[in-house]
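Visitor: Take this structure, written in structure tokens, and hold onto it; I'll ask about it next.
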Amino acid sequence: MEYQGKELFRAAGIAVPRGHFSRDARDVGEFVAANPGSWVLKSQVLMGGRGKAGGIKFADTPEQARELASELLGKVLKNVQNPDGETVSALLVEEKVAIASEAYVSITIDRSTKKPAVLVTSQGGMDVEEVAANDPDAISTYWIDPAIGFSPFVARRLAFAAKLPAGYHKQFPAVVGGLYKLFMEYGANLVEINPLVLTDDGRVIASDAKVELDDNGLYKHPELAAWRNESPADEDQAAAVAIGLGMSNYAKLDGDIGVIANGAGLGMGTMDAIRNAGGAAANFLDIGGGAQAELVKKSYQLVVSDPKVRALFINIFGGITRGDQVARGIVQALAGDDLRKVPLVVRLTGTNEKEGRAILAEAGMNPVETMDEGARIAVDLARA
Amino acid sequence: MAVFLDKNSKVIVQGITGREGLFHTQRMLAYGTQIVGGVTPGKGGTNVEERLPVFNTVKDAVDATGATHTIVFVPPPFAADALYEAYDAGIGLAVCITEGIPAHDMLKVVATTHGMRIIGPNCPGLVSPGKALMGIMPGHVFKEGRVGVISRSGTLTYEIVDGLTKAGLGQSTCVGIGGDPIIGTTFVDCLKAFASDPETDAIVVCGEIGGSDEEDAAAFIAAHLPDKPCVAFIGGRSAPKGKRLGHAGAIISGNVGTPESKLAAFAAAGVPVADRPSDIPRLVAERLGVVA
């Protein structure tokens, strides 16, 4: 979230607005009383477009600040990209700066060139994807040579190429250098300042900050573990890890047909097959390679614990995953007392498929041969 | 495909005494791969499978066996180091199975190990059916033939290859390039190799959402592969934006990595995209002018 990104930025030597983090309306009022002036109350949420969704308010007095803070805290912000909404549980109370100009700067991993890419545009404060779509020449990009890393000339190149107002130029190397240091230190996928504000009195400050970390790199930064919060994506990750799956092996989706597959590609392929058959997957779940019966059972329980699941398709093409282990896991899940029963279709192929099918047959189940067939049947079962 | 892996390639296994390393070494040996030894620091001087020597370092292994290929079964925090060690010892091709390596680790690895081909990470490996298998793929689904397969997925590849095999369309080499955002060998790298391979007549490109490797592949096919029919598939077309589904690289960020962009790129290159994996054999057969 913004306040987390700004803490990191401050530590990296990038100027950020004066600010105060709070979860309490009274505390906000007290802060403004102790620091008279104009303040911006910014909802701390992960969604984009919070301003338009009513998540940013302005306060000039302590009473106003406390009132607006109590309005915002607990409010559910909704917009087109987030129709279910996100609840505001914290605010960042920031100094209101007089803005002369807004720019944009970010560093991301460019997969094609396999290098960090620094992006700059003078069209700050906007959705950079819109800028990229409408006016691609407005974005200047520089790919960092890993042997050199950041050197101030990179910032100058970009500042002149993007035609940033002169007021940015002196401080720009420190901004980009600090951003690069952050990017490398935390092994981030993305670090972004939007907008990078040039104030009326000549300061260059990062008005909004975004840091996207690499899940695979989190083990190197245990100090950031405390920042993991209660967003829906994190709930799915926690549920996955709790049963012994990898962090990204389970994700809830919008449909009503549960999916269990071995392998991410096959998992996505199964979702696609369900869509081709006219249905929609309720989730993605990858049991990984070589799953034992216990993991299959827990995965089954996890998927059907979602009340919107009306049918379940288990699609297995076993390489190192063994059909008999999967079959046992399914049978064990079904034998459980508190399992919500939904119609089930199983496709079991590959290593130990004969043994697996025998176990299923004994339990009265009849697996299908192909993924397409399984998807079709699952869609019919969900409609029934 | 002699460029990557053939019958004569000498392979060592890094992490050979670990659970994964040992299990897959046994399967690779059963397939006929020429595994000449392995590396586990501290276990040098011992043997696995009775006759395979274990060495303390990759350098020792290479000096003793003349190995040119390695397959790395090492946990994420140690995988980059294993790749550096292989590069330093003069290995020519490294297959990295490991899932979970930080992207920044791989950025540094690919920038500093030019001269060693890395396949993966987070990949099932590669197989030249009838010759050798380096990876975790189940050998029994493959059949010797003349269709090249390149894929980001593991199990979805088996699904697709199984379909090709049952249709009588065997494979020359199947390369699993892996599901991570930063990989050592891309679609284009494989297409270059297949382009000049006299044993490959057609190519199947199995992509997925995320990144722009498929777009680069389509452009390469249009420019450099007029004579070898290609068929594509894109997994994850039903996936919502912004969600990472398993593979670290399978995520749509903004406008990049969308199925629409990939479909458009393949269409522009004249490459048919199968709607479902089961359509692939028919499309390949049509392009080859044979009956499947």
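Chains: A, B, ... in order of the structure tokens. Residues: from 1 per chain. Ligands: from 1, in order shown.
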With 8 Å as the limit and counting only C-alpha atoms, what residues in chain A lie close to chain B? Please list them as a tab-separated table (two decimals) with N, CA and C atoms, in the first residue's frame.
Guide:
```
chain	number	residue	atom	x	y	z
A	111	ARG	N	10.57	-8.33	-19.42
A	111	ARG	CA	10.81	-9.75	-19.68
A	111	ARG	C	11.48	-10.00	-21.03
A	112	SER	N	11.16	-9.14	-22.03
A	112	SER	CA	11.73	-9.38	-23.36
A	112	SER	C	13.24	-9.17	-23.38
A	114	LYS	N	15.07	-8.85	-20.64
A	114	LYS	CA	15.61	-9.39	-19.39
A	114	LYS	C	16.47	-8.37	-18.67
A	115	LYS	N	16.00	-7.12	-18.68
A	115	LYS	CA	16.71	-6.05	-17.99
A	115	LYS	C	15.70	-5.20	-17.23
A	129	GLU	N	-1.10	3.27	-18.36
A	129	GLU	CA	-1.49	2.40	-19.47
A	129	GLU	C	-2.29	3.15	-20.51
A	146	PRO	N	22.99	-4.22	-16.81
A	146	PRO	CA	23.24	-4.77	-15.47
A	146	PRO	C	24.69	-4.60	-15.01
A	184	MET	N	16.40	-2.80	-6.63
A	184	MET	CA	17.39	-3.86	-6.53
A	184	MET	C	17.43	-4.46	-5.13
A	187	GLY	N	14.38	-6.55	-4.65
A	187	GLY	CA	14.09	-7.49	-5.72
A	187	GLY	C	12.67	-7.33	-6.23
A	188	ALA	N	12.25	-6.07	-6.40
A	188	ALA	CA	10.86	-5.80	-6.74
A	188	ALA	C	10.55	-6.12	-8.19
A	189	ASN	N	9.26	-6.40	-8.44
A	189	ASN	CA	8.79	-6.51	-9.82
A	189	ASN	C	8.54	-5.13	-10.40
A	214	ASP	N	8.23	-9.31	-5.51
A	214	ASP	CA	8.22	-10.65	-6.10
A	214	ASP	C	7.94	-11.65	-4.98
A	215	ASP	N	6.85	-12.38	-5.09
A	215	ASP	CA	6.53	-13.39	-4.07
A	215	ASP	C	7.71	-14.32	-3.84
A	216	ASN	N	8.40	-14.66	-4.93
A	216	ASN	CA	9.52	-15.60	-4.81
A	216	ASN	C	10.70	-15.00	-4.05
A	217	GLY	N	10.71	-13.68	-3.92
A	217	GLY	CA	11.85	-13.06	-3.23
A	217	GLY	C	11.57	-12.69	-1.78
A	248	SER	N	0.81	-19.47	-4.82
A	248	SER	CA	-0.05	-19.06	-5.94
A	248	SER	C	-0.79	-20.23	-6.55
A	249	ASN	N	-0.93	-21.31	-5.81
A	249	ASN	CA	-1.56	-22.49	-6.38
A	249	ASN	C	-3.07	-22.53	-6.21
A	250	TYR	N	-3.62	-21.50	-5.55
A	250	TYR	CA	-5.07	-21.47	-5.39
A	250	TYR	C	-5.55	-20.03	-5.54
A	251	ALA	N	-6.57	-19.84	-6.36
A	251	ALA	CA	-7.14	-18.50	-6.51
A	251	ALA	C	-8.63	-18.64	-6.78
A	253	LEU	N	-12.11	-17.56	-8.34
A	253	LEU	CA	-12.53	-16.85	-9.55
A	253	LEU	C	-14.05	-16.65	-9.47
A	262	ASN	N	-3.31	-30.97	-11.91
A	262	ASN	CA	-1.90	-31.06	-11.52
A	262	ASN	C	-1.07	-30.28	-12.52
A	263	GLY	N	-0.54	-29.14	-12.06
A	263	GLY	CA	0.24	-28.29	-12.96
A	263	GLY	C	-0.52	-27.02	-13.29
A	264	ALA	N	0.20	-25.91	-13.31
A	264	ALA	CA	-0.46	-24.62	-13.56
A	264	ALA	C	-1.00	-24.54	-14.99
A	265	GLY	N	-0.20	-25.04	-15.94
A	265	GLY	CA	-0.65	-24.99	-17.33
A	265	GLY	C	-1.90	-25.81	-17.54
A	266	LEU	N	-1.92	-27.01	-16.92
A	266	LEU	CA	-3.10	-27.86	-17.05
A	266	LEU	C	-4.27	-27.23	-16.30
A	268	MET	N	-4.85	-24.00	-15.94
A	268	MET	CA	-5.40	-22.95	-16.80
A	268	MET	C	-6.11	-23.59	-18.00
A	269	GLY	N	-5.52	-24.67	-18.51
A	269	GLY	CA	-6.15	-25.37	-19.63
A	269	GLY	C	-7.52	-25.88	-19.26
A	271	MET	N	-9.52	-24.60	-16.94
A	271	MET	CA	-10.39	-23.41	-16.87
A	271	MET	C	-10.87	-23.04	-18.27
A	272	ASP	N	-9.94	-23.06	-19.22
A	272	ASP	CA	-10.28	-22.72	-20.61
A	272	ASP	C	-11.28	-23.72	-21.17
A	273	ALA	N	-11.07	-25.01	-20.86
A	273	ALA	CA	-11.96	-26.05	-21.37
A	273	ALA	C	-13.37	-25.84	-20.83
A	275	ARG	N	-14.66	-22.99	-19.98
A	275	ARG	CA	-15.24	-21.85	-20.67
A	275	ARG	C	-15.70	-22.25	-22.07
A	284	PHE	N	-8.99	-21.59	-9.46
A	284	PHE	CA	-7.82	-22.27	-10.04
A	284	PHE	C	-7.19	-23.02	-8.86
A	286	ASP	N	-3.89	-25.81	-8.33
A	286	ASP	CA	-2.84	-26.67	-8.86
A	286	ASP	C	-2.28	-27.48	-7.71
A	317	PHE	N	-3.38	-35.30	-15.38
A	317	PHE	CA	-2.54	-35.99	-16.35
A	317	PHE	C	-1.23	-36.21	-15.62
A	318	GLY	N	-1.05	-37.40	-15.08
A	318	GLY	CA	0.07	-37.62	-14.18
A	318	GLY	C	1.39	-37.94	-14.86
A	319	GLY	N	2.41	-37.17	-14.51
A	319	GLY	CA	3.76	-37.52	-14.92
A	319	GLY	C	4.43	-38.09	-13.68
A	320	ILE	N	4.82	-37.19	-12.75
A	320	ILE	CA	5.29	-37.67	-11.46
A	320	ILE	C	4.13	-37.78	-10.48
A	351	THR	N	0.52	-41.67	-15.21
A	351	THR	CA	1.17	-42.64	-14.33
A	351	THR	C	0.17	-43.29	-13.37
A	372	ASP	N	-11.82	-32.39	-22.48
A	372	ASP	CA	-12.99	-31.74	-23.08
A	372	ASP	C	-14.28	-32.37	-22.57
```
Visitor: Could you name the residues that touch region 39-55 of chain A at 8 Å or less, counting only C-alpha atoms, but leaving out those on the same chain fewer than 4 positions away, as a tab-separated table (two decimals) with N, CA and C atoms, in the first residue's frame?
Guide:
```tsv
chain	number	residue	atom	x	y	z
A	1	MET	N	0.84	-1.21	0.00
A	1	MET	CA	0.00	0.00	0.00
A	1	MET	C	0.87	1.25	0.00
A	2	GLU	N	0.19	2.38	-0.23
A	2	GLU	CA	0.91	3.64	-0.40
A	2	GLU	C	1.84	3.97	0.77
A	3	TYR	N	1.32	3.83	1.98
A	3	TYR	CA	2.14	4.24	3.13
A	3	TYR	C	3.37	3.34	3.28
A	32	VAL	N	-3.97	16.77	13.24
A	32	VAL	CA	-4.18	18.03	12.53
A	32	VAL	C	-4.19	19.21	13.49
A	59	ALA	N	-8.91	18.33	4.28
A	59	ALA	CA	-9.34	18.91	5.56
A	59	ALA	C	-8.41	20.06	5.95
A	60	ASP	N	-9.03	21.16	6.43
A	60	ASP	CA	-8.22	22.31	6.84
A	60	ASP	C	-8.24	22.51	8.34
A	65	ALA	N	-11.10	17.25	9.86
A	65	ALA	CA	-10.24	16.08	9.67
A	65	ALA	C	-10.83	14.86	10.38
A	68	LEU	N	-14.16	13.74	8.58
A	68	LEU	CA	-13.91	13.07	7.31
A	68	LEU	C	-13.22	11.72	7.52
A	69	ALA	N	-12.33	11.69	8.51
A	69	ALA	CA	-11.63	10.43	8.79
A	69	ALA	C	-12.63	9.37	9.23
A	72	LEU	N	-14.41	8.06	6.25
A	72	LEU	CA	-13.62	7.21	5.36
A	72	LEU	C	-13.31	5.85	5.98
A	73	LEU	N	-12.98	5.83	7.25
A	73	LEU	CA	-12.58	4.56	7.88
A	73	LEU	C	-13.80	3.64	7.96
A	77	LEU	N	-14.95	1.22	-0.73
A	77	LEU	CA	-14.75	1.93	-1.99
A	77	LEU	C	-14.98	0.98	-3.15
A	78	LYS	N	-15.82	1.42	-4.09
A	78	LYS	CA	-16.10	0.56	-5.25
A	78	LYS	C	-15.85	1.32	-6.53
A	79	ASN	N	-15.45	0.60	-7.55
A	79	ASN	CA	-15.46	1.16	-8.90
A	79	ASN	C	-15.53	0.02	-9.91
A	82	ASN	N	-13.20	-2.77	-9.39
A	82	ASN	CA	-13.38	-3.45	-8.10
A	82	ASN	C	-14.84	-3.37	-7.69
A	86	GLU	N	-13.46	-2.43	-1.73
A	86	GLU	CA	-12.40	-2.67	-0.76
A	86	GLU	C	-12.68	-1.79	0.44
A	87	THR	N	-12.57	-2.37	1.63
A	87	THR	CA	-12.87	-1.61	2.86
A	87	THR	C	-11.65	-0.83	3.31
A	88	VAL	N	-11.87	0.44	3.66
A	88	VAL	CA	-10.78	1.30	4.11
A	88	VAL	C	-10.55	1.06	5.60
A	89	SER	N	-9.35	0.61	5.95
A	89	SER	CA	-9.09	0.38	7.37
A	89	SER	C	-7.97	1.29	7.90
A	90	ALA	N	-7.39	2.08	6.98
A	90	ALA	CA	-6.32	2.98	7.43
A	90	ALA	C	-6.24	4.18	6.50
A	91	LEU	N	-5.71	5.27	7.05
A	91	LEU	CA	-5.54	6.50	6.26
A	91	LEU	C	-4.11	6.98	6.33
A	92	LEU	N	-3.71	7.67	5.29
A	92	LEU	CA	-2.45	8.41	5.33
A	92	LEU	C	-2.84	9.88	5.28
A	93	VAL	N	-2.50	10.63	6.34
A	93	VAL	CA	-2.81	12.06	6.40
A	93	VAL	C	-1.60	12.80	5.89
A	94	GLU	N	-1.72	13.43	4.74
A	94	GLU	CA	-0.55	14.00	4.09
A	94	GLU	C	-0.68	15.49	3.87
A	95	GLU	N	0.45	16.19	3.87
A	95	GLU	CA	0.44	17.62	3.61
A	95	GLU	C	-0.10	17.85	2.20
A	96	LYS	N	-0.89	18.91	2.09
A	96	LYS	CA	-1.40	19.26	0.76
A	96	LYS	C	-0.35	20.14	0.11
```
Visitor: Which residues are close to Val204 (chain B), i.e. within 9 Å by only C-alpha atoms, leaving aside same-chain residues fewer than 6 positions away? Reply as a ChimeraX atom specification.
Guide: /B:147-151,229-233,280,284
Visitor: Mind writing the picked residues with N, CA and C atoms as a PDB file, in the first residue's frame?
Guide:
```
ATOM      1  N   VAL B 147       7.792 -33.574 -35.292  1.00  0.00           N
ATOM      2  CA  VAL B 147       7.147 -32.334 -34.864  1.00  0.00           C
ATOM      3  C   VAL B 147       7.898 -31.782 -33.658  1.00  0.00           C
ATOM      4  N   GLY B 148       8.342 -30.537 -33.754  1.00  0.00           N
ATOM      5  CA  GLY B 148       8.998 -29.895 -32.621  1.00  0.00           C
ATOM      6  C   GLY B 148       7.940 -29.275 -31.719  1.00  0.00           C
ATOM      7  N   VAL B 149       8.148 -29.353 -30.419  1.00  0.00           N
ATOM      8  CA  VAL B 149       7.190 -28.777 -29.475  1.00  0.00           C
ATOM      9  C   VAL B 149       7.934 -27.851 -28.515  1.00  0.00           C
ATOM     10  N   ILE B 150       7.413 -26.655 -28.329  1.00  0.00           N
ATOM     11  CA  ILE B 150       8.002 -25.712 -27.362  1.00  0.00           C
ATOM     12  C   ILE B 150       6.880 -25.268 -26.434  1.00  0.00           C
ATOM     13  N   SER B 151       7.114 -25.310 -25.129  1.00  0.00           N
ATOM     14  CA  SER B 151       5.999 -25.021 -24.233  1.00  0.00           C
ATOM     15  C   SER B 151       6.427 -24.337 -22.949  1.00  0.00           C
ATOM     16  N   PRO B 229       5.633 -25.397 -41.157  1.00  0.00           N
ATOM     17  CA  PRO B 229       4.328 -25.032 -40.603  1.00  0.00           C
ATOM     18  C   PRO B 229       4.382 -24.965 -39.074  1.00  0.00           C
ATOM     19  N   CYS B 230       3.714 -23.954 -38.517  1.00  0.00           N
ATOM     20  CA  CYS B 230       3.633 -23.801 -37.068  1.00  0.00           C
ATOM     21  C   CYS B 230       2.181 -23.731 -36.646  1.00  0.00           C
ATOM     22  N   VAL B 231       1.911 -24.300 -35.488  1.00  0.00           N
ATOM     23  CA  VAL B 231       0.577 -24.218 -34.892  1.00  0.00           C
ATOM     24  C   VAL B 231       0.771 -23.739 -33.461  1.00  0.00           C
ATOM     25  N   ALA B 232      -0.115 -22.874 -32.998  1.00  0.00           N
ATOM     26  CA  ALA B 232       0.056 -22.321 -31.645  1.00  0.00           C
ATOM     27  C   ALA B 232      -1.135 -22.656 -30.760  1.00  0.00           C
ATOM     28  N   PHE B 233      -0.891 -22.551 -29.473  1.00  0.00           N
ATOM     29  CA  PHE B 233      -1.959 -22.666 -28.480  1.00  0.00           C
ATOM     30  C   PHE B 233      -1.643 -21.668 -27.380  1.00  0.00           C
ATOM     31  N   ILE B 280      -5.094 -29.529 -31.752  1.00  0.00           N
ATOM     32  CA  ILE B 280      -3.737 -29.342 -32.279  1.00  0.00           C
ATOM     33  C   ILE B 280      -3.318 -30.410 -33.281  1.00  0.00           C
ATOM     34  N   VAL B 284      -2.006 -29.554 -37.106  1.00  0.00           N
ATOM     35  CA  VAL B 284      -0.645 -29.901 -37.547  1.00  0.00           C
ATOM     36  C   VAL B 284      -0.718 -30.768 -38.789  1.00  0.00           C
TER      37      VAL B 284
END
```
Visitor: Restricting the calculation to only C-alpha atoms, which member of B:Leu225, B:Ala167, B:Ala132, B:Ala67 is positioned closest to Phe194 (chain B)?
Guide: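 The shortest atom-to-atom distance to Phe194 (chain B) comes from B:Leu225.
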Visitor: Considering only C-alpha atoms, return as number ranges by chain whatever protein or nucleic-acid residues lie within 8 Å of Pro62 (chain A), sequence-local ones (same chain, fewer than 3 positions apart) excluded.
Guide: A: 28-33, 36, 59, 65-66
Visitor: Nearest residue to Val175 (chain A) out of A:Arg10, A:Arg18, A:Lys210, A:Lys220, using only C-alpha atoms?
Guide: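 Among the listed residues, A:Arg10 lies closest to Val175 (chain A).
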Visitor: For Phe153 (chain A), find every residue with an atom within 12 Å (counting only C-alpha atoms), except residues of its own chain fewer than 6 positions away, and show them as a list in words.
Guide: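 Once the nearby chain positions are removed, what remains is Tyr142, Ile144, Ala159, Phe160, Ala161, His169, Lys170, Phe172, Pro173, Ala174, Val176 and Gly177 of chain A.
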Visitor: Suppose you want the space between CA of Phe220 (chain B) and CA of Ile203 (chain B); what is it in Å?
Guide: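 Straight-line distance from CA of Phe220 (chain B) to CA of Ile203 (chain B) works out to 12.9 Å.
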